[in-house]
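**Student:** query.pdb (PDB, C-alpha atoms) pasted underneath:
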ATOM      1  CA  MET A   1       0.000   0.000   0.000
ATOM      2  CA  ASN A   2       1.333   3.444  -0.866
ATOM      3  CA  LEU A   3       0.138   7.045  -1.040
ATOM      4  CA  ARG A   4      -0.258   6.862  -4.806
ATOM      5  CA  ASP A   5      -2.794   4.036  -4.506
ATOM      6  CA  LEU A   6      -4.698   5.938  -1.824
ATOM      7  CA  ARG A   7      -4.899   8.946  -4.150
ATOM      8  CA  TYR A   8      -6.287   6.704  -6.886
ATOM      9  CA  LEU A   9      -8.956   5.376  -4.527
ATOM     10  CA  VAL A  10      -9.958   8.849  -3.340
ATOM     11  CA  ALA A  11     -10.203  10.098  -6.933
ATOM     12  CA  LEU A  12     -12.384   7.118  -7.841
ATOM     13  CA  ALA A  13     -14.576   7.695  -4.779
ATOM     14  CA  GLU A  14     -15.127  11.316  -5.766
ATOM     15  CA  LEU A  15     -15.581  10.924  -9.522
ATOM     16  CA  ARG A  16     -17.283   7.488  -9.631
ATOM     17  CA  HIS A  17     -15.721   6.781 -13.027
ATOM     18  CA  PHE A  18     -12.454   4.994 -13.840
ATOM     19  CA  GLY A  19     -11.695   7.135 -16.893
ATOM     20  CA  ARG A  20     -12.290  10.478 -15.184
ATOM     21  CA  ALA A  21     -10.401   9.344 -12.071
ATOM     22  CA  ALA A  22      -7.454   8.277 -14.236
ATOM     23  CA  ASP A  23      -7.456  11.666 -16.003
ATOM     24  CA  ALA A  24      -7.527  13.468 -12.651
ATOM     25  CA  CYS A  25      -4.530  11.403 -11.483
ATOM     26  CA  HIS A  26      -2.687  11.836 -14.825
ATOM     27  CA  VAL A  27      -2.404   8.084 -15.466
ATOM     28  CA  SER A  28      -3.999   5.700 -17.931
ATOM     29  CA  GLN A  29      -7.266   3.991 -17.034
ATOM     30  CA  PRO A  30      -5.690   0.482 -17.054
ATOM     31  CA  THR A  31      -2.987   1.675 -14.654
ATOM     32  CA  LEU A  32      -5.513   3.076 -12.185
ATOM     33  CA  SER A  33      -7.741   0.011 -12.455
ATOM     34  CA  THR A  34      -4.792  -2.325 -11.877
ATOM     35  CA  GLN A  35      -3.621  -0.429  -8.800
ATOM     36  CA  ILE A  36      -7.134  -0.366  -7.300
ATOM     37  CA  LYS A  37      -7.293  -4.166  -7.828
ATOM     38  CA  LYS A  38      -3.898  -4.586  -6.140
ATOM     39  CA  LEU A  39      -5.138  -2.511  -3.199
ATOM     40  CA  GLU A  40      -8.219  -4.730  -2.920
ATOM     41  CA  ASP A  41      -6.011  -7.854  -3.000
ATOM     42  CA  GLU A  42      -3.750  -6.456  -0.292
ATOM     43  CA  LEU A  43      -6.670  -5.540   1.968
ATOM     44  CA  GLY A  44      -8.618  -8.689   1.183
ATOM     45  CA  VAL A  45     -11.900  -6.870   0.513
ATOM     46  CA  SER A  46     -13.757  -5.478  -2.483
ATOM     47  CA  LEU A  47     -13.636  -1.706  -2.524
ATOM     48  CA  VAL A  48     -15.541  -1.072  -5.742
ATOM     49  CA  GLU A  49     -18.646  -2.452  -7.435
ATOM     50  CA  ARG A  50     -17.831  -2.337 -11.130
ATOM     51  CA  ALA A  51     -20.615  -1.755 -13.664
ATOM     52  CA  PRO A  52     -20.338  -0.859 -17.376
ATOM     53  CA  ARG A  53     -21.259   2.802 -16.935
ATOM     54  CA  HIS A  54     -21.202   3.362 -13.202
ATOM     55  CA  VAL A  55     -18.865   2.806 -10.277
ATOM     56  CA  MET A  56     -20.092   2.373  -6.719
ATOM     57  CA  LEU A  57     -18.014   1.932  -3.592
ATOM     58  CA  THR A  58     -18.769  -0.975  -1.313
ATOM     59  CA  PRO A  59     -19.379  -0.186   2.385
ATOM     60  CA  ALA A  60     -15.751  -1.116   3.054
ATOM     61  CA  GLY A  61     -14.718   1.083   0.123
ATOM     62  CA  HIS A  62     -16.548   4.092   1.586
ATOM     63  CA  ASP A  63     -14.873   3.593   4.970
ATOM     64  CA  ILE A  64     -11.377   3.061   3.551
ATOM     65  CA  ALA A  65     -11.694   5.994   1.122
ATOM     66  CA  ALA A  66     -12.665   8.268   4.043
ATOM     67  CA  ARG A  67      -9.616   7.072   5.973
ATOM     68  CA  ALA A  68      -7.441   7.544   2.884
ATOM     69  CA  ARG A  69      -8.588  11.184   2.641
ATOM     70  CA  ARG A  70      -7.481  11.752   6.232
ATOM     71  CA  VAL A  71      -4.124  10.064   5.624
ATOM     72  CA  LEU A  72      -3.474  12.207   2.540
ATOM     73  CA  ALA A  73      -4.518  15.348   4.422
ATOM     74  CA  GLU A  74      -2.067  14.499   7.215
ATOM     75  CA  VAL A  75       0.728  13.942   4.697
ATOM     76  CA  GLU A  76       0.008  17.359   3.210
ATOM     77  CA  GLN A  77       0.163  18.820   6.711
ATOM     78  CA  MET A  78       3.642  17.280   7.140
ATOM     79  CA  ARG A  79       4.766  19.020   3.974
ATOM     80  CA  GLU A  80       3.124  22.255   5.094
ATOM     81  CA  THR A  81       4.873  22.045   8.482
ATOM     82  CA  ALA A  82       8.226  21.794   6.707
ATOM     83  CA  ARG A  83       7.407  24.713   4.397
ATOM     84  CA  ARG A  84       6.138  26.930   7.200
ATOM     85  CA  THR A  85       9.134  26.134   9.410
ATOM     86  CA  SER A  86      11.555  27.356   6.755
ATOM     87  CA  ASP A  87       9.464  30.440   5.835
ATOM     88  CA  PRO A  88       6.229  30.985   7.815
ATOM     89  CA  GLU A  89       4.892  33.766   5.588
ATOM     90  CA  ALA A  90       5.610  32.272   2.167
ATOM     91  CA  GLY A  91       4.067  29.473   0.131
ATOM     92  CA  SER A  92       0.384  29.267  -0.728
ATOM     93  CA  VAL A  93      -2.777  29.335   1.345
ATOM     94  CA  ARG A  94      -6.168  28.103   0.123
ATOM     95  CA  ILE A  95      -9.083  29.983   1.649
ATOM     96  CA  GLY A  96     -12.779  29.314   1.157
ATOM     97  CA  PHE A  97     -15.621  31.836   1.164
ATOM     98  CA  PHE A  98     -19.369  31.497   0.696
ATOM     99  CA  PRO A  99     -21.019  33.359  -2.218
ATOM    100  CA  THR A 100     -22.860  36.037  -0.235
ATOM    101  CA  LEU A 101     -19.606  37.142   1.418
ATOM    102  CA  GLY A 102     -16.612  36.501  -0.840
ATOM    103  CA  PRO A 103     -17.250  38.991  -3.690
ATOM    104  CA  TYR A 104     -18.035  41.786  -1.218
ATOM    105  CA  LEU A 105     -15.304  41.188   1.385
ATOM    106  CA  LEU A 106     -12.357  40.293  -0.857
ATOM    107  CA  PRO A 107     -11.893  43.723  -2.531
ATOM    108  CA  HIS A 108     -11.311  45.192   0.931
ATOM    109  CA  VAL A 109      -9.022  42.532   2.412
ATOM    110  CA  VAL A 110      -6.937  41.137  -0.468
ATOM    111  CA  PRO A 111      -4.801  44.321  -0.830
ATOM    112  CA  ARG A 112      -4.173  44.285   2.927
ATOM    113  CA  ILE A 113      -3.202  40.609   2.889
ATOM    114  CA  ARG A 114      -0.804  41.214  -0.012
ATOM    115  CA  ALA A 115       0.749  44.168   1.793
ATOM    116  CA  ARG A 116       1.191  42.182   5.017
ATOM    117  CA  PHE A 117       2.369  38.929   3.374
ATOM    118  CA  PRO A 118       4.004  39.935   0.045
ATOM    119  CA  ARG A 119       5.466  36.454  -0.605
ATOM    120  CA  LEU A 120       2.187  34.621   0.029
ATOM    121  CA  GLU A 121       0.212  33.070  -2.826
ATOM    122  CA  LEU A 122      -3.535  33.426  -2.195
ATOM    123  CA  LEU A 123      -5.780  30.738  -3.683
ATOM    124  CA  LEU A 124      -9.434  31.702  -3.181
ATOM    125  CA  VAL A 125     -12.389  29.325  -3.515
ATOM    126  CA  GLU A 126     -16.063  30.356  -3.493
ATOM    127  CA  GLU A 127     -18.650  27.681  -2.695
ATOM    128  CA  LYS A 128     -21.722  27.222  -0.524
ATOM    129  CA  THR A 129     -20.928  26.686   3.156
ATOM    130  CA  GLU A 130     -21.571  22.928   3.089
ATOM    131  CA  VAL A 131     -19.121  22.456   0.209
ATOM    132  CA  VAL A 132     -16.518  24.709   1.850
ATOM    133  CA  LEU A 133     -16.689  22.640   5.045
ATOM    134  CA  HIS A 134     -16.296  19.437   3.039
ATOM    135  CA  LEU A 135     -13.213  20.801   1.242
ATOM    136  CA  LEU A 136     -11.762  22.050   4.514
ATOM    137  CA  ARG A 137     -12.285  18.716   6.248
ATOM    138  CA  ASP A 138     -10.637  16.848   3.372
ATOM    139  CA  GLY A 139      -7.587  19.095   3.381
ATOM    140  CA  LYS A 140      -8.380  20.771   0.045
ATOM    141  CA  LEU A 141      -8.658  24.127   1.802
ATOM    142  CA  ASP A 142      -6.396  25.478   4.524
ATOM    143  CA  ALA A 143      -8.975  27.810   6.062
ATOM    144  CA  ALA A 144     -12.359  29.392   5.390
ATOM    145  CA  VAL A 145     -14.277  32.502   6.368
ATOM    146  CA  LEU A 146     -17.652  31.228   7.588
ATOM    147  CA  ALA A 147     -20.656  32.415   9.540
ATOM    148  CA  LEU A 148     -20.994  31.413  13.185
ATOM    149  CA  PRO A 149     -22.102  29.269  14.901
ATOM    150  CA  LEU A 150     -20.062  26.303  13.679
ATOM    151  CA  HIS A 151     -20.665  23.054  15.528
ATOM    152  CA  ASP A 152     -17.900  20.851  14.096
ATOM    153  CA  ASP A 153     -15.532  19.783  16.885
ATOM    154  CA  TRP A 154     -12.619  19.381  14.440
ATOM    155  CA  LEU A 155     -12.595  23.110  13.708
ATOM    156  CA  GLU A 156     -10.580  25.893  15.290
ATOM    157  CA  THR A 157     -12.222  29.310  14.874
ATOM    158  CA  GLU A 158     -11.234  32.914  15.447
ATOM    159  CA  PHE A 159     -13.950  35.560  15.448
ATOM    160  CA  LEU A 160     -13.445  38.317  12.862
ATOM    161  CA  PHE A 161     -16.321  40.812  12.924
ATOM    162  CA  GLU A 162     -20.078  41.222  13.099
ATOM    163  CA  GLU A 163     -21.750  42.383   9.887
ATOM    164  CA  PRO A 164     -25.110  44.227  10.152
ATOM    165  CA  PHE A 165     -28.020  43.636   7.801
ATOM    166  CA  MET A 166     -30.043  46.319   6.060
ATOM    167  CA  LEU A 167     -33.565  45.988   4.694
ATOM    168  CA  ALA A 168     -33.812  46.626   0.937
ATOM    169  CA  VAL A 169     -37.224  47.857  -0.228
ATOM    170  CA  PRO A 170     -38.456  49.307  -3.552
ATOM    171  CA  GLU A 171     -38.831  53.070  -3.919
ATOM    172  CA  GLY A 172     -42.369  53.958  -2.882
ATOM    173  CA  HIS A 173     -42.708  51.031  -0.471
ATOM    174  CA  PRO A 174     -44.656  51.900   2.733
ATOM    175  CA  LEU A 175     -41.472  51.401   4.769
ATOM    176  CA  ALA A 176     -39.212  53.388   2.398
ATOM    177  CA  GLY A 177     -39.208  56.530   4.543
ATOM    178  CA  GLN A 178     -38.490  54.770   7.827
ATOM    179  CA  ARG A 179     -35.432  55.547   9.913
ATOM    180  CA  ASN A 180     -34.052  53.266  12.608
ATOM    181  CA  LEU A 181     -36.353  50.478  11.564
ATOM    182  CA  ARG A 182     -37.557  48.134  14.305
ATOM    183  CA  LEU A 183     -37.727  44.374  13.725
ATOM    184  CA  ALA A 184     -41.373  44.432  14.795
ATOM    185  CA  GLU A 185     -42.152  46.560  11.726
ATOM    186  CA  LEU A 186     -41.376  43.530   9.543
ATOM    187  CA  SER A 187     -44.143  41.464  11.103
ATOM    188  CA  ASP A 188     -46.471  41.830   8.088
ATOM    189  CA  GLN A 189     -43.724  41.487   5.448
ATOM    190  CA  HIS A 190     -42.876  38.461   3.294
ATOM    191  CA  LEU A 191     -39.186  38.568   2.410
ATOM    192  CA  LEU A 192     -37.505  37.421  -0.797
ATOM    193  CA  LEU A 193     -34.915  34.794   0.165
ATOM    194  CA  LEU A 194     -32.188  32.687  -1.414
ATOM    195  CA  GLU A 195     -32.604  29.021  -2.288
ATOM    196  CA  GLU A 196     -31.688  26.177   0.072
ATOM    197  CA  GLY A 197     -27.984  25.718   0.769
ATOM    198  CA  HIS A 198     -27.086  29.390   1.211
ATOM    199  CA  CYS A 199     -26.244  30.291   4.798
ATOM    200  CA  LEU A 200     -27.707  33.768   4.175
ATOM    201  CA  ARG A 201     -31.081  32.074   3.756
ATOM    202  CA  ASP A 202     -30.791  30.572   7.254
ATOM    203  CA  GLN A 203     -29.655  33.906   8.677
ATOM    204  CA  ALA A 204     -32.574  35.733   7.056
ATOM    205  CA  LEU A 205     -35.032  33.112   8.279
ATOM    206  CA  ALA A 206     -33.696  33.622  11.811
ATOM    207  CA  VAL A 207     -34.390  37.363  11.498
ATOM    208  CA  CYS A 208     -37.851  36.612  10.085
ATOM    209  CA  SER A 209     -38.543  34.395  13.078
ATOM    210  CA  LEU A 210     -37.555  37.150  15.509
ATOM    211  CA  ALA A 211     -39.643  39.719  13.638
ATOM    212  CA  GLY A 212     -42.669  37.529  12.976
ATOM    213  CA  ALA A 213     -42.146  37.974   9.226
ATOM    214  CA  GLY A 214     -42.504  35.302   6.563
ATOM    215  CA  GLU A 215     -41.003  34.198   3.244
ATOM    216  CA  LYS A 216     -42.459  35.247  -0.094
ATOM    217  CA  GLU A 217     -43.881  32.064  -1.590
ATOM    218  CA  GLY A 218     -43.148  30.899  -5.111
ATOM    219  CA  PHE A 219     -39.702  32.469  -5.489
ATOM    220  CA  ARG A 220     -36.211  31.611  -4.267
ATOM    221  CA  ALA A 221     -33.192  33.383  -5.721
ATOM    222  CA  THR A 222     -29.961  31.708  -6.775
ATOM    223  CA  SER A 223     -27.773  34.711  -5.912
ATOM    224  CA  LEU A 224     -27.675  37.904  -3.909
ATOM    225  CA  GLU A 225     -27.622  39.936  -7.130
ATOM    226  CA  THR A 226     -30.880  38.300  -8.254
ATOM    227  CA  LEU A 227     -32.450  39.309  -4.944
ATOM    228  CA  ARG A 228     -31.260  42.875  -5.480
ATOM    229  CA  GLN A 229     -32.797  43.028  -8.948
ATOM    230  CA  MET A 230     -36.092  41.566  -7.745
ATOM    231  CA  VAL A 231     -36.333  44.317  -5.128
ATOM    232  CA  ALA A 232     -35.510  46.966  -7.748
ATOM    233  CA  ALA A 233     -38.310  45.524  -9.904
ATOM    234  CA  GLY A 234     -40.775  46.054  -7.067
ATOM    235  CA  VAL A 235     -41.384  42.351  -6.408
ATOM    236  CA  GLY A 236     -40.693  42.490  -2.677
ATOM    237  CA  VAL A 237     -38.224  43.251   0.106
ATOM    238  CA  THR A 238     -35.147  41.438   1.358
ATOM    239  CA  LEU A 239     -32.249  41.587   3.798
ATOM    240  CA  LEU A 240     -28.834  42.551   2.422
ATOM    241  CA  PRO A 241     -25.526  42.232   4.308
ATOM    242  CA  MET A 242     -23.758  45.561   4.840
ATOM    243  CA  LEU A 243     -20.718  44.635   2.706
ATOM    244  CA  ALA A 244     -23.042  43.925  -0.236
ATOM    245  CA  VAL A 245     -24.260  47.540  -0.309
ATOM    246  CA  LYS A 246     -20.889  49.309   0.011
ATOM    247  CA  PRO A 247     -18.401  50.303  -2.731
ATOM    248  CA  PRO A 248     -17.123  48.882  -4.994
ATOM    249  CA  VAL A 249     -20.745  47.654  -5.323
ATOM    250  CA  SER A 250     -22.657  50.335  -7.235
ATOM    251  CA  PRO A 251     -25.808  51.811  -5.661
ATOM    252  CA  SER A 252     -28.960  50.170  -6.993
ATOM    253  CA  GLU A 253     -31.558  52.297  -8.725
ATOM    254  CA  ASN A 254     -35.108  52.103  -7.346
ATOM    255  CA  ILE A 255     -34.000  50.584  -4.026
ATOM    256  CA  ARG A 256     -34.088  52.137  -0.566
ATOM    257  CA  LEU A 257     -31.793  50.674   2.074
ATOM    258  CA  LEU A 258     -33.226  50.903   5.574
ATOM    259  CA  GLU A 259     -31.053  50.891   8.660
ATOM    260  CA  PHE A 260     -32.241  48.985  11.715
ATOM    261  CA  GLY A 261     -32.213  50.616  15.137
ATOM    262  CA  ASN A 262     -29.896  49.287  17.823
ATOM    263  CA  PRO A 263     -29.256  46.466  18.037
ATOM    264  CA  PRO A 264     -29.509  45.649  14.322
ATOM    265  CA  PRO A 265     -29.699  42.047  13.099
ATOM    266  CA  THR A 266     -26.207  40.840  12.202
ATOM    267  CA  ARG A 267     -24.198  37.826  11.158
ATOM    268  CA  ARG A 268     -20.997  36.861  12.981
ATOM    269  CA  LEU A 269     -18.056  35.831  10.824
ATOM    270  CA  ALA A 270     -14.977  33.833  11.746
ATOM    271  CA  LEU A 271     -11.868  32.333  10.201
ATOM    272  CA  ALA A 272     -11.977  28.563  10.614
ATOM    273  CA  TRP A 273      -9.374  25.836  10.096
ATOM    274  CA  ARG A 274      -8.696  22.250  11.156
ATOM    275  CA  LYS A 275      -7.427  21.867  14.718
ATOM    276  CA  SER A 276      -4.815  19.485  13.308
ATOM    277  CA  SER A 277      -3.497  22.094  10.851
ATOM    278  CA  ALA A 278       0.183  22.902  10.876
ATOM    279  CA  MET A 279      -0.703  26.466   9.844
ATOM    280  CA  GLY A 280      -2.420  27.502  13.069
ATOM    281  CA  GLY A 281       0.154  30.131  14.052
ATOM    282  CA  PHE A 282       0.101  31.740  10.619
ATOM    283  CA  LEU A 283      -3.709  31.620  10.400
ATOM    284  CA  HIS A 284      -4.012  33.578  13.649
ATOM    285  CA  GLN A 285      -1.910  36.300  11.978
ATOM    286  CA  LEU A 286      -4.106  36.112   8.865
ATOM    287  CA  ALA A 287      -7.205  36.519  11.042
ATOM    288  CA  ASP A 288      -5.747  39.770  12.406
ATOM    289  CA  VAL A 289      -5.489  41.120   8.845
ATOM    290  CA  LEU A 290      -9.009  39.977   7.899
ATOM    291  CA  ARG A 291     -10.367  41.623  11.043
ATOM    292  CA  ASP A 292      -8.713  44.965  10.257
ATOM    293  CA  LEU A 293     -11.377  46.337   7.897
ATOM    294  CA  PRO A 294     -11.233  49.889   6.495
ATOM    295  CA  PRO A 295     -12.831  52.458   8.843
ATOM    296  CA  GLY A 296     -16.566  52.904   8.322
ATOM    297  CA  LEU A 297     -16.936  49.843   6.088
ATOM    298  CA  LEU A 298     -19.629  48.330   8.316
ATOM    299  CA  ASP A 299     -21.500  51.644   8.768
ATOM    300  CA  PRO A 300     -24.723  52.257   6.781
ATOM    301  CA  PRO A 301     -24.135  53.947   3.392
ATOM    302  CA  LYS A 302     -25.271  57.496   2.719
ATOM    303  CA  GLN A 303     -28.261  57.601   0.394
ATOM    304  CA  THR A 304     -30.047  60.135  -1.748
ATOM    305  CA  SER A 305     -33.735  60.139  -2.558
ATOM    306  CA  ALA A 306     -35.121  59.257  -5.987
ATOM    307  CA  ALA A 307     -36.017  62.934  -6.547
ATOM    308  CA  ALA A 308     -32.475  64.062  -5.691
ATOM    309  CA  ARG A 309     -30.995  61.450  -8.024
ATOM    310  CA  GLY A 310     -33.327  62.664 -10.786
ATOM    311  CA  LYS A 311     -32.241  66.285 -10.280
ATOM    312  CA  ARG A 312     -28.610  65.285 -10.271
ATOM    313  CA  ARG A 313     -28.990  63.401 -13.574
ATOM    314  CA  ALA A 314     -30.927  66.325 -15.105
ATOM    315  CA  GLY A 315     -28.245  68.775 -14.011
ATOM    316  CA  ALA A 316     -25.584  66.564 -15.536
TER
END
As structure tokens - that is how I would like this structure written.

**Tutor:**
Amino acid sequence: MNLRDLRYLVALAELRHFGRAADACHVSQPTLSTQIKKLEDELGVSLVERAPRHVMLTPAGHDIAARARRVLAEVEQMRETARRTSDPEAGSVRIGFFPTLGPYLLPHVVPRIRARFPRLELLLVEEKTEVVLHLLRDGKLDAAVLALPLHDDWLETEFLFEEPFMLAVPEGHPLAGQRNLRLAELSDQHLLLLEEGHCLRDQALAVCSLAGAGEKEGFRATSLETLRQMVAAGVGVTLLPMLAVKPPVSPSENIRLLEFGNPPPTRRLALAWRKSSAMGGFLHQLADVLRDLPPGLLDPPKQTSAAARGKRRAGA
């Protein structure tokens, strides 16, 4: 048994196809198939159910592939320990973000990370939270910025900041003129929300529960930008995270952003990594940089009324 054979098994477990697994491992299909068979002979169990067009792992195959992932992750940690010992602030770091955070946070933090760690190669991955956690657990990511709470006991977390929400409503909406909005004022509203799998959906549902609000039936958006456009079209109202309404994001026409009174609903964000990671010391330093946001970034944006915008365009 060797690490190469374990990589073949993990690739086959993930891709469920001998040809695609062989391509991913940069070997021929007969080579991969032969090595998987040798691994089965050595272990004395069948790992794979072979069918003409489909590959399934046996129960033993599932268990051994999961253990192989952990072994390969630990080997990578050995290499990372050696790299970090010789130069703690060089090399590459793979960081995951979820879609309703990454595009809005990264423009503010990437320049600061590059300034603080000029020899560091940043590899950024954007996926839904469940996928990010899976990649992190399997060693395919070194760390991730995720929303708290996180209940996985294999994770180390360091709190970064608390991001307020604002209510986005169409121009002319009954709430459009409100200041210091109270949660109770949402009690008769039905909010536009994202589809299942987005953590922002769960966060918005938690706010809805506190406010006595509901979800608008018959529509679930695939992205935050779709939600924004649906509000601009007058379809309904939604919650937007503060970073998603600040430059470099352009102000949206026909939308009013309403600030909540204290305390506003928020989401708490943290940097997370495996407790077994060899990069813990460095990741604490990275968390300090991620936490150091530009002044005023989490404050509500200044807005102008529709009439004022019209006058400004006419004057131009």

**Student:** Quick one: everything within 6 Å of segment 195-204 of chain A, counting all atoms listed in the file, minus sequence neighbours fewer than 3 positions away in the same chain. Send it as JSON, numbers by chain.

**Tutor:** {"A": [207, 220, 221, 222]}

**Student:** Would you output that residue set with C-alpha atoms, as a PDB file, in the frame of the given file?

**Tutor:**
ATOM      1  CA  VAL A 207     -34.390  37.363  11.498  1.00  0.00           C
ATOM      2  CA  ARG A 220     -36.211  31.611  -4.267  1.00  0.00           C
ATOM      3  CA  ALA A 221     -33.192  33.383  -5.721  1.00  0.00           C
ATOM      4  CA  THR A 222     -29.961  31.708  -6.775  1.00  0.00           C
TER       5      THR A 222
END

**Student:** Can you list, as a VMD selection string, every protein, DNA or RNA residue that comes within 12 Å of Glu49 of chain A when you count only C-alpha atoms, leaving out same-chain residues fewer than 5 positions away?

**Tutor:** chain A and resid 12 to 13 16 to 18 36 to 37 40 54 to 62

**Student:** Please tabulate, as CSV, the residues of segment 107-208 of chain A that come within 10 Å of segment 69-91 of chain A, each with its closest pair of atoms and the distance in Å to one decimal, counting only C-alpha atoms and ordering rows by chain, then residue number upward.

**Tutor:**
residue,atom,partner,partner_atom,distance
A:Arg116,CA,A:Glu89,CA,9.2
A:Phe117,CA,A:Glu89,CA,6.2
A:Pro118,CA,A:Ala90,CA,8.1
A:Arg119,CA,A:Ala90,CA,5.0
A:Leu120,CA,A:Ala90,CA,4.7
A:Glu121,CA,A:Gly91,CA,6.0
A:Leu122,CA,A:Gly91,CA,8.9
A:Leu136,CA,A:Ala73,CA,9.9
A:Arg137,CA,A:Arg70,CA,8.5
A:Asp138,CA,A:Arg69,CA,6.1
A:Gly139,CA,A:Ala73,CA,5.0
A:Lys140,CA,A:Ala73,CA,8.0
A:Asp142,CA,A:Gln77,CA,9.6

**Student:** Please save C-alpha atoms of the selected residues as a PDB file, in the coordinates of the input.

**Tutor:**
ATOM      1  CA  ARG A 116       1.191  42.182   5.017  1.00  0.00           C
ATOM      2  CA  PHE A 117       2.369  38.929   3.374  1.00  0.00           C
ATOM      3  CA  PRO A 118       4.004  39.935   0.045  1.00  0.00           C
ATOM      4  CA  ARG A 119       5.466  36.454  -0.605  1.00  0.00           C
ATOM      5  CA  LEU A 120       2.187  34.621   0.029  1.00  0.00           C
ATOM      6  CA  GLU A 121       0.212  33.070  -2.826  1.00  0.00           C
ATOM      7  CA  LEU A 122      -3.535  33.426  -2.195  1.00  0.00           C
ATOM      8  CA  LEU A 136     -11.762  22.050   4.514  1.00  0.00           C
ATOM      9  CA  ARG A 137     -12.285  18.716   6.248  1.00  0.00           C
ATOM     10  CA  ASP A 138     -10.637  16.848   3.372  1.00  0.00           C
ATOM     11  CA  GLY A 139      -7.587  19.095   3.381  1.00  0.00           C
ATOM     12  CA  LYS A 140      -8.380  20.771   0.045  1.00  0.00           C
ATOM     13  CA  ASP A 142      -6.396  25.478   4.524  1.00  0.00           C
TER      14      ASP A 142
END

**Student:** Any idea what's packed within 6 Å of Glu126 of chain A, counting all atoms listed in the file, ignoring anything in its chain fewer than 5 positions away? Could you give it as a list of chain:residue names?

**Tutor:**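 Near Glu126 of chain A, the qualifying residues are A:Gly96, A:Phe97, A:Phe98, A:Pro99.
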
**Student:** What's the separation between atom CA of Ala244 of chain A and atom CA of Tyr104 of chain A, in Å to one decimal place?

**Tutor:** 5.5 Å

**Student:** A:Ile95, A:Ala287, A:Ala11, A:Leu210: which is nearest Leu141 of chain A, counting only C-alpha atoms?

**Tutor:**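 With only C-alpha atoms as the atom set, the closest residue is A:Ile95.
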
**Student:** As an exercise, work out the distance from atom CA of Ala144 of chain A to atom CA of Leu293 of chain A in Å and give it to one decimal place.

**Tutor:**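 Going from atom CA of Ala144 of chain A over to atom CA of Leu293 of chain A, I get 17.2 Å.
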
**Student:** If I put a ball of radius 10 Å at (-21.4, 50.6, 7.2) in the file's coordinates, which residues poke into it when counting only C-alpha atoms, written as a PyMOL selection string?

**Tutor:** chain A and resi 163-166+241-243+245-246+259+295-302

**Student:** Given the choices A:Val132, A:Ile255, A:Leu106, A:Ile64, which gets closest to His173 of chain A if the distance is worked out from all atoms listed in the file?

**Tutor:**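 Of all the options, A:Ile255 lies closest to His173 of chain A.
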
**Student:** Which is closer to Leu160 of chain A than all the others in A:Ala65, A:Leu105, A:Leu15, A:Arg228, using all atoms listed in the file?

**Tutor:**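 That would be A:Leu105, the residue with the smallest distance to Leu160 of chain A.
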
**Student:** Generate the missing atoms of segment 43-55 of chain A up to N, CA and C atoms and report them as a CSV table (one decimal), in the coordinates of the input.

**Tutor:**
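So the final result, stored in rebuild-v5.csv, reads:
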chain,number,residue,atom,x,y,z
A,43,LEU,N,-5.8,-5.7,0.8
A,43,LEU,CA,-6.7,-5.5,2.0
A,43,LEU,C,-7.6,-6.7,2.1
A,44,GLY,N,-7.8,-7.5,1.1
A,44,GLY,CA,-8.6,-8.7,1.2
A,44,GLY,C,-10.1,-8.4,1.2
A,45,VAL,N,-10.5,-7.2,0.6
A,45,VAL,CA,-11.9,-6.9,0.5
A,45,VAL,C,-12.1,-6.2,-0.8
A,46,SER,N,-13.4,-6.2,-1.3
A,46,SER,CA,-13.8,-5.5,-2.5
A,46,SER,C,-14.0,-4.0,-2.1
A,47,LEU,N,-13.4,-3.1,-2.8
A,47,LEU,CA,-13.6,-1.7,-2.5
A,47,LEU,C,-14.6,-1.1,-3.5
A,48,VAL,N,-14.8,-1.7,-4.7
A,48,VAL,CA,-15.5,-1.1,-5.7
A,48,VAL,C,-16.5,-2.1,-6.4
A,49,GLU,N,-17.7,-1.7,-6.6
A,49,GLU,CA,-18.6,-2.5,-7.4
A,49,GLU,C,-18.5,-1.9,-8.9
A,50,ARG,N,-18.1,-2.8,-9.8
A,50,ARG,CA,-17.8,-2.3,-11.1
A,50,ARG,C,-19.0,-2.6,-12.0
A,51,ALA,N,-19.5,-1.6,-12.7
A,51,ALA,CA,-20.6,-1.8,-13.7
A,51,ALA,C,-20.2,-1.1,-15.0
A,52,PRO,N,-20.8,-1.4,-16.1
A,52,PRO,CA,-20.3,-0.9,-17.4
A,52,PRO,C,-20.3,0.7,-17.4
A,53,ARG,N,-21.2,1.3,-16.8
A,53,ARG,CA,-21.3,2.8,-16.9
A,53,ARG,C,-21.2,3.5,-15.6
A,54,HIS,N,-21.1,2.8,-14.5
A,54,HIS,CA,-21.2,3.4,-13.2
A,54,HIS,C,-20.3,2.6,-12.2
A,55,VAL,N,-19.7,3.4,-11.3
A,55,VAL,CA,-18.9,2.8,-10.3
A,55,VAL,C,-19.5,3.2,-8.9
